[in-house]
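Data first, discussion second: the structure below is written as structure tokens.
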Amino acid sequence: MSLSISKCFVQVTDVDSAVAFYRDALGLEVQLDVPNDGFRWVTVVPPAQPDVAVILTNYVDGSEADRSNVAGLVTKGAFGGVHFRADDLEATFARLVEHGAEVVDEPADQPWGVRDGSVRDPSGNLIRIDQA
């Protein structure tokens, strides 16, 4: 049996800001943008892994109170984010800072054996990036 990652969903509060961050700061490519009755699903892919999709969405199936609660949790970083790997961690962080990303942890050698750091996307999701 073979299992691989196909896609993951990232809940965002502002799709346009999220797309700009994932496209311009992280360098992902927009593959699909699907608007649907006030909600959007935007598929972005890493150029080196076009078969692995990150789907940015503001969709919440529920009431206005549900949408408000989810937005509050996203803003606090309560949902799991995405973990990326970069071939040049320092250059990646320089690009993120240049695009105004909120740095949570500067790149550092970790006790578990990797060099990584983290930022928040415009919605508050935690994005970790490790050195390839």
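The way I read the labels, and the way they are meant: chains A, B, ... in the order of the structure tokens, residue 1 as the first residue of every chain, and ligand 1 as the first ligand shown, with later ones counted on from there.
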(message) List the spatial neighbours of Val104 (chain A) as a PyMOL selection string - criterion: any atom at most 10 Å away, only C-alpha atoms, same-chain residues fewer than 5 positions off excluded.
(response) chain A and resi 117-120+126-128
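DSSP secondary structure from the backbone places A:Val15, A:Asp16, A:Ser17, A:Ala18, A:Val19, A:Ala20, A:Glu64, A:Ala65, A:Asp66, A:Arg67, A:Ser68, A:Asn69, A:Val70, A:Ala71, A:Gly72, A:Leu73, A:Val74, A:Thr75, A:Leu89, A:Glu90, A:Ala91, A:Thr92, A:Phe93, A:Ala94, A:Arg95, A:Leu96, A:Val97, A:Glu98 of chain A in alpha helix (DSSP H).
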(message) Could you list, as a VMD selection string, every residue within 7 Å of region 63-79 of chain A, counting only C-alpha atoms and ignoring same-chain residues fewer than 4 positions away?
(response) chain A and resid 11 to 13 123 to 126
(message) Just want the 12 Å neighbourhood of Asp37 (chain A), counted on only C-alpha atoms, with same-chain residues fewer than 3 positions away dropped. Output as an NGL selection string.
(response) :A and (34 or 40-41 or 58-61)
(request) Would you mind listing what lies within 12 Å of Leu89 (chain A) as a VMD selection string, with only C-alpha atoms counted and same-chain residues fewer than 5 positions away left out? (result) chain A and resid 26 84 94 to 96 106 to 109 114 to 118 128 to 132
(message) Counting only C-alpha atoms, which residue out of A:Asp16, A:Thr57, A:Gln110, A:Phe21 sits closest to Asn36 (chain A)?
(response)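 Result for the nearest residue to Asn36 (chain A): A:Thr57.
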(request) Between A:Ala53, A:Val45, A:Ala91, A:Val103, single out the one closest to Ile5 (chain A), counting only C-alpha atoms. (result)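 Between A:Ala53, A:Val45, A:Ala91, A:Val103, the residue approaching Ile5 (chain A) most closely is A:Ala53.
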(message) Please determine, counting only C-alpha atoms, which residue among A:Val15, A:Phe93, A:Ala25, A:Pro50 has the shortest atom-to-atom distance to Asp105 (chain A).
(response)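 Nearest to Asp105 (chain A): A:Phe93.
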(request) Work out how far CA of Val97 (chain A) is from CA of Ile55 (chain A), in Å to one decimal. (result) 23.0 Å
Which parts of region 23-121 of chain A does DSSP call strand (DSSP E or B) when run on the backbone here, written out as an mmCIF file with N, CA, C and O atoms, in the first residue's frame?
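Result file part_34.cif:
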data_model
loop_
_atom_site.group_PDB
_atom_site.id
_atom_site.type_symbol
_atom_site.label_atom_id
_atom_site.label_comp_id
_atom_site.auth_asym_id
_atom_site.auth_seq_id
_atom_site.Cartn_x
_atom_site.Cartn_y
_atom_site.Cartn_z
ATOM 1 N N GLU A 29 2.278 28.617 -6.690
ATOM 2 C CA GLU A 29 1.559 29.014 -7.895
ATOM 3 C C GLU A 29 0.068 28.768 -7.731
ATOM 4 O O GLU A 29 -0.340 27.725 -7.219
ATOM 5 N N VAL A 30 -0.734 29.743 -8.160
ATOM 6 C CA VAL A 30 -2.185 29.583 -8.112
ATOM 7 C C VAL A 30 -2.587 28.648 -9.251
ATOM 8 O O VAL A 30 -2.290 28.912 -10.413
ATOM 9 N N GLN A 31 -3.260 27.582 -8.879
ATOM 10 C CA GLN A 31 -3.685 26.583 -9.850
ATOM 11 C C GLN A 31 -5.164 26.706 -10.172
ATOM 12 O O GLN A 31 -5.584 26.462 -11.293
ATOM 13 N N LEU A 32 -5.957 27.091 -9.166
ATOM 14 C CA LEU A 32 -7.404 27.145 -9.335
ATOM 15 C C LEU A 32 -7.983 28.139 -8.334
ATOM 16 O O LEU A 32 -7.553 28.186 -7.191
ATOM 17 N N ASP A 33 -8.962 28.917 -8.761
ATOM 18 C CA ASP A 33 -9.633 29.882 -7.890
ATOM 19 C C ASP A 33 -11.128 29.720 -8.125
ATOM 20 O O ASP A 33 -11.629 30.049 -9.196
ATOM 21 N N VAL A 34 -11.823 29.190 -7.120
ATOM 22 C CA VAL A 34 -13.243 28.871 -7.267
ATOM 23 C C VAL A 34 -14.072 29.701 -6.297
ATOM 24 O O VAL A 34 -14.088 29.426 -5.095
ATOM 25 N N PRO A 35 -14.760 30.739 -6.796
ATOM 26 C CA PRO A 35 -15.684 31.492 -5.942
ATOM 27 C C PRO A 35 -17.019 30.759 -5.879
ATOM 28 O O PRO A 35 -17.425 30.109 -6.839
ATOM 29 N N ASN A 36 -17.672 30.837 -4.716
ATOM 30 C CA ASN A 36 -18.959 30.178 -4.557
ATOM 31 C C ASN A 36 -19.766 30.891 -3.487
ATOM 32 O O ASN A 36 -19.560 30.653 -2.298
ATOM 33 N N PHE A 39 -17.907 32.664 -0.722
ATOM 34 C CA PHE A 39 -16.755 31.899 -0.250
ATOM 35 C C PHE A 39 -15.836 31.618 -1.431
ATOM 36 O O PHE A 39 -16.242 31.713 -2.582
ATOM 37 N N ARG A 40 -14.577 31.256 -1.129
ATOM 38 C CA ARG A 40 -13.637 30.899 -2.191
ATOM 39 C C ARG A 40 -12.761 29.741 -1.741
ATOM 40 O O ARG A 40 -12.457 29.601 -0.562
ATOM 41 N N TRP A 41 -12.353 28.963 -2.723
ATOM 42 C CA TRP A 41 -11.352 27.918 -2.554
ATOM 43 C C TRP A 41 -10.276 28.219 -3.576
ATOM 44 O O TRP A 41 -10.529 28.200 -4.775
ATOM 45 N N VAL A 42 -9.080 28.517 -3.110
ATOM 46 C CA VAL A 42 -7.980 28.805 -4.018
ATOM 47 C C VAL A 42 -6.910 27.743 -3.805
ATOM 48 O O VAL A 42 -6.407 27.579 -2.697
ATOM 49 N N THR A 43 -6.599 27.038 -4.868
ATOM 50 C CA THR A 43 -5.590 25.990 -4.810
ATOM 51 C C THR A 43 -4.251 26.566 -5.231
ATOM 52 O O THR A 43 -4.121 27.131 -6.321
ATOM 53 N N VAL A 44 -3.264 26.442 -4.346
ATOM 54 C CA VAL A 44 -1.900 26.851 -4.647
ATOM 55 C C VAL A 44 -1.002 25.633 -4.524
ATOM 56 O O VAL A 44 -1.268 24.736 -3.707
ATOM 57 N N VAL A 45 0.039 25.602 -5.341
ATOM 58 C CA VAL A 45 0.942 24.444 -5.347
ATOM 59 C C VAL A 45 2.388 24.917 -5.350
ATOM 60 O O VAL A 45 2.716 25.933 -5.956
ATOM 61 N N ALA A 53 -1.321 19.982 -3.233
ATOM 62 C CA ALA A 53 -2.076 21.232 -3.234
ATOM 63 C C ALA A 53 -2.354 21.728 -1.817
ATOM 64 O O ALA A 53 -2.656 20.953 -0.925
ATOM 65 N N VAL A 54 -2.247 23.034 -1.659
ATOM 66 C CA VAL A 54 -2.686 23.715 -0.451
ATOM 67 C C VAL A 54 -3.920 24.506 -0.868
ATOM 68 O O VAL A 54 -3.856 25.324 -1.788
ATOM 69 N N ILE A 55 -5.032 24.234 -0.224
ATOM 70 C CA ILE A 55 -6.277 24.901 -0.590
ATOM 71 C C ILE A 55 -6.596 25.940 0.469
ATOM 72 O O ILE A 55 -6.813 25.614 1.636
ATOM 73 N N LEU A 56 -6.592 27.194 0.059
ATOM 74 C CA LEU A 56 -6.901 28.321 0.930
ATOM 75 C C LEU A 56 -8.390 28.577 0.822
ATOM 76 O O LEU A 56 -8.914 28.735 -0.279
ATOM 77 N N THR A 57 -9.070 28.623 1.949
ATOM 78 C CA THR A 57 -10.514 28.825 1.886
ATOM 79 C C THR A 57 -11.020 29.606 3.082
ATOM 80 O O THR A 57 -10.465 29.533 4.175
ATOM 81 N N VAL A 82 0.798 24.855 7.926
ATOM 82 C CA VAL A 82 1.486 24.033 6.948
ATOM 83 C C VAL A 82 2.968 24.043 7.283
ATOM 84 O O VAL A 82 3.507 25.046 7.742
ATOM 85 N N HIS A 83 3.622 22.917 7.060
ATOM 86 C CA HIS A 83 5.056 22.805 7.282
ATOM 87 C C HIS A 83 5.718 22.599 5.928
ATOM 88 O O HIS A 83 5.432 21.617 5.241
ATOM 89 N N PHE A 84 6.582 23.540 5.553
ATOM 90 C CA PHE A 84 7.272 23.486 4.273
ATOM 91 C C PHE A 84 8.741 23.151 4.489
ATOM 92 O O PHE A 84 9.261 23.285 5.594
ATOM 93 N N ARG A 85 9.399 22.773 3.425
ATOM 94 C CA ARG A 85 10.845 22.553 3.430
ATOM 95 C C ARG A 85 11.429 23.436 2.326
ATOM 96 O O ARG A 85 10.897 23.479 1.224
ATOM 97 N N ALA A 86 12.508 24.140 2.644
ATOM 98 C CA ALA A 86 13.166 25.028 1.690
ATOM 99 C C ALA A 86 14.599 24.576 1.463
ATOM 100 O O ALA A 86 15.252 24.093 2.396
ATOM 101 N N GLU A 102 4.948 38.019 9.631
ATOM 102 C CA GLU A 102 5.211 38.059 11.072
ATOM 103 C C GLU A 102 6.077 36.857 11.430
ATOM 104 O O GLU A 102 5.639 35.702 11.323
ATOM 105 N N VAL A 103 7.310 37.109 11.835
ATOM 106 C CA VAL A 103 8.223 36.030 12.210
ATOM 107 C C VAL A 103 7.909 35.605 13.641
ATOM 108 O O VAL A 103 7.870 36.429 14.551
ATOM 109 N N VAL A 104 7.677 34.320 13.823
ATOM 110 C CA VAL A 104 7.433 33.755 15.152
ATOM 111 C C VAL A 104 8.741 33.231 15.729
ATOM 112 O O VAL A 104 9.093 33.523 16.867
ATOM 113 N N ASP A 105 9.451 32.431 14.951
ATOM 114 C CA ASP A 105 10.751 31.881 15.346
ATOM 115 C C ASP A 105 11.733 32.085 14.211
ATOM 116 O O ASP A 105 11.501 31.616 13.093
ATOM 117 N N GLU A 106 12.825 32.790 14.488
ATOM 118 C CA GLU A 106 13.895 32.935 13.497
ATOM 119 C C GLU A 106 14.481 31.555 13.212
ATOM 120 O O GLU A 106 14.435 30.671 14.071
ATOM 121 N N PRO A 107 15.051 31.365 12.034
ATOM 122 C CA PRO A 107 15.690 30.083 11.740
ATOM 123 C C PRO A 107 16.739 29.740 12.800
ATOM 124 O O PRO A 107 17.546 30.594 13.188
ATOM 125 N N ALA A 108 16.681 28.511 13.264
ATOM 126 C CA ALA A 108 17.605 28.062 14.308
ATOM 127 C C ALA A 108 17.742 26.542 14.243
ATOM 128 O O ALA A 108 16.845 25.845 13.780
ATOM 129 N N ASP A 109 18.887 26.064 14.722
ATOM 130 C CA ASP A 109 19.078 24.622 14.846
ATOM 131 C C ASP A 109 18.253 24.143 16.033
ATOM 132 O O ASP A 109 18.373 24.689 17.139
ATOM 133 N N ARG A 115 16.992 22.315 11.203
ATOM 134 C CA ARG A 115 17.089 23.774 11.261
ATOM 135 C C ARG A 115 15.789 24.289 10.679
ATOM 136 O O ARG A 115 15.430 23.973 9.548
ATOM 137 N N ASP A 116 15.042 25.055 11.478
ATOM 138 C CA ASP A 116 13.777 25.580 10.986
ATOM 139 C C ASP A 116 13.424 26.881 11.666
ATOM 140 O O ASP A 116 14.128 27.357 12.552
ATOM 141 N N GLY A 117 12.328 27.452 11.210
ATOM 142 C CA GLY A 117 11.789 28.678 11.782
ATOM 143 C C GLY A 117 10.317 28.747 11.420
ATOM 144 O O GLY A 117 9.798 27.888 10.699
ATOM 145 N N SER A 118 9.628 29.761 11.930
ATOM 146 C CA SER A 118 8.198 29.846 11.641
ATOM 147 C C SER A 118 7.746 31.299 11.506
ATOM 148 O O SER A 118 8.339 32.211 12.067
ATOM 149 N N VAL A 119 6.671 31.439 10.733
ATOM 150 C CA VAL A 119 6.017 32.729 10.519
ATOM 151 C C VAL A 119 4.515 32.498 10.617
ATOM 152 O O VAL A 119 4.046 31.368 10.674
ATOM 153 N N ARG A 120 3.765 33.585 10.620
ATOM 154 C CA ARG A 120 2.308 33.497 10.543
ATOM 155 C C ARG A 120 1.865 34.053 9.201
ATOM 156 O O ARG A 120 2.411 35.034 8.719
#
(request) Go ahead and compute the interatomic distance for CA of Lys7 (chain A) and CA of Glu98 (chain A), in Å to one decimal. (result) 27.5 Å
(request) Using only C-alpha atoms, find the one residue out of A:Val52, A:Ser4, A:Pro122, A:Gly113 that sits nearest to Ala18 (chain A). (result)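 That would be A:Pro122, the residue with the smallest distance to Ala18 (chain A).
When only C-alpha atoms are used to measure the gap to Asp121 (chain A), the shortest distance among A:Asp14, A:Ser2, A:Glu90, A:Phe9 belongs to A:Asp14.
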(request) Tell me which of A:Cys8, A:Val19, A:Gly38, A:Gly27 sits closest to Asp51 (chain A), counting only C-alpha atoms. (result)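 With only C-alpha atoms as the atom set, the closest residue is A:Cys8.
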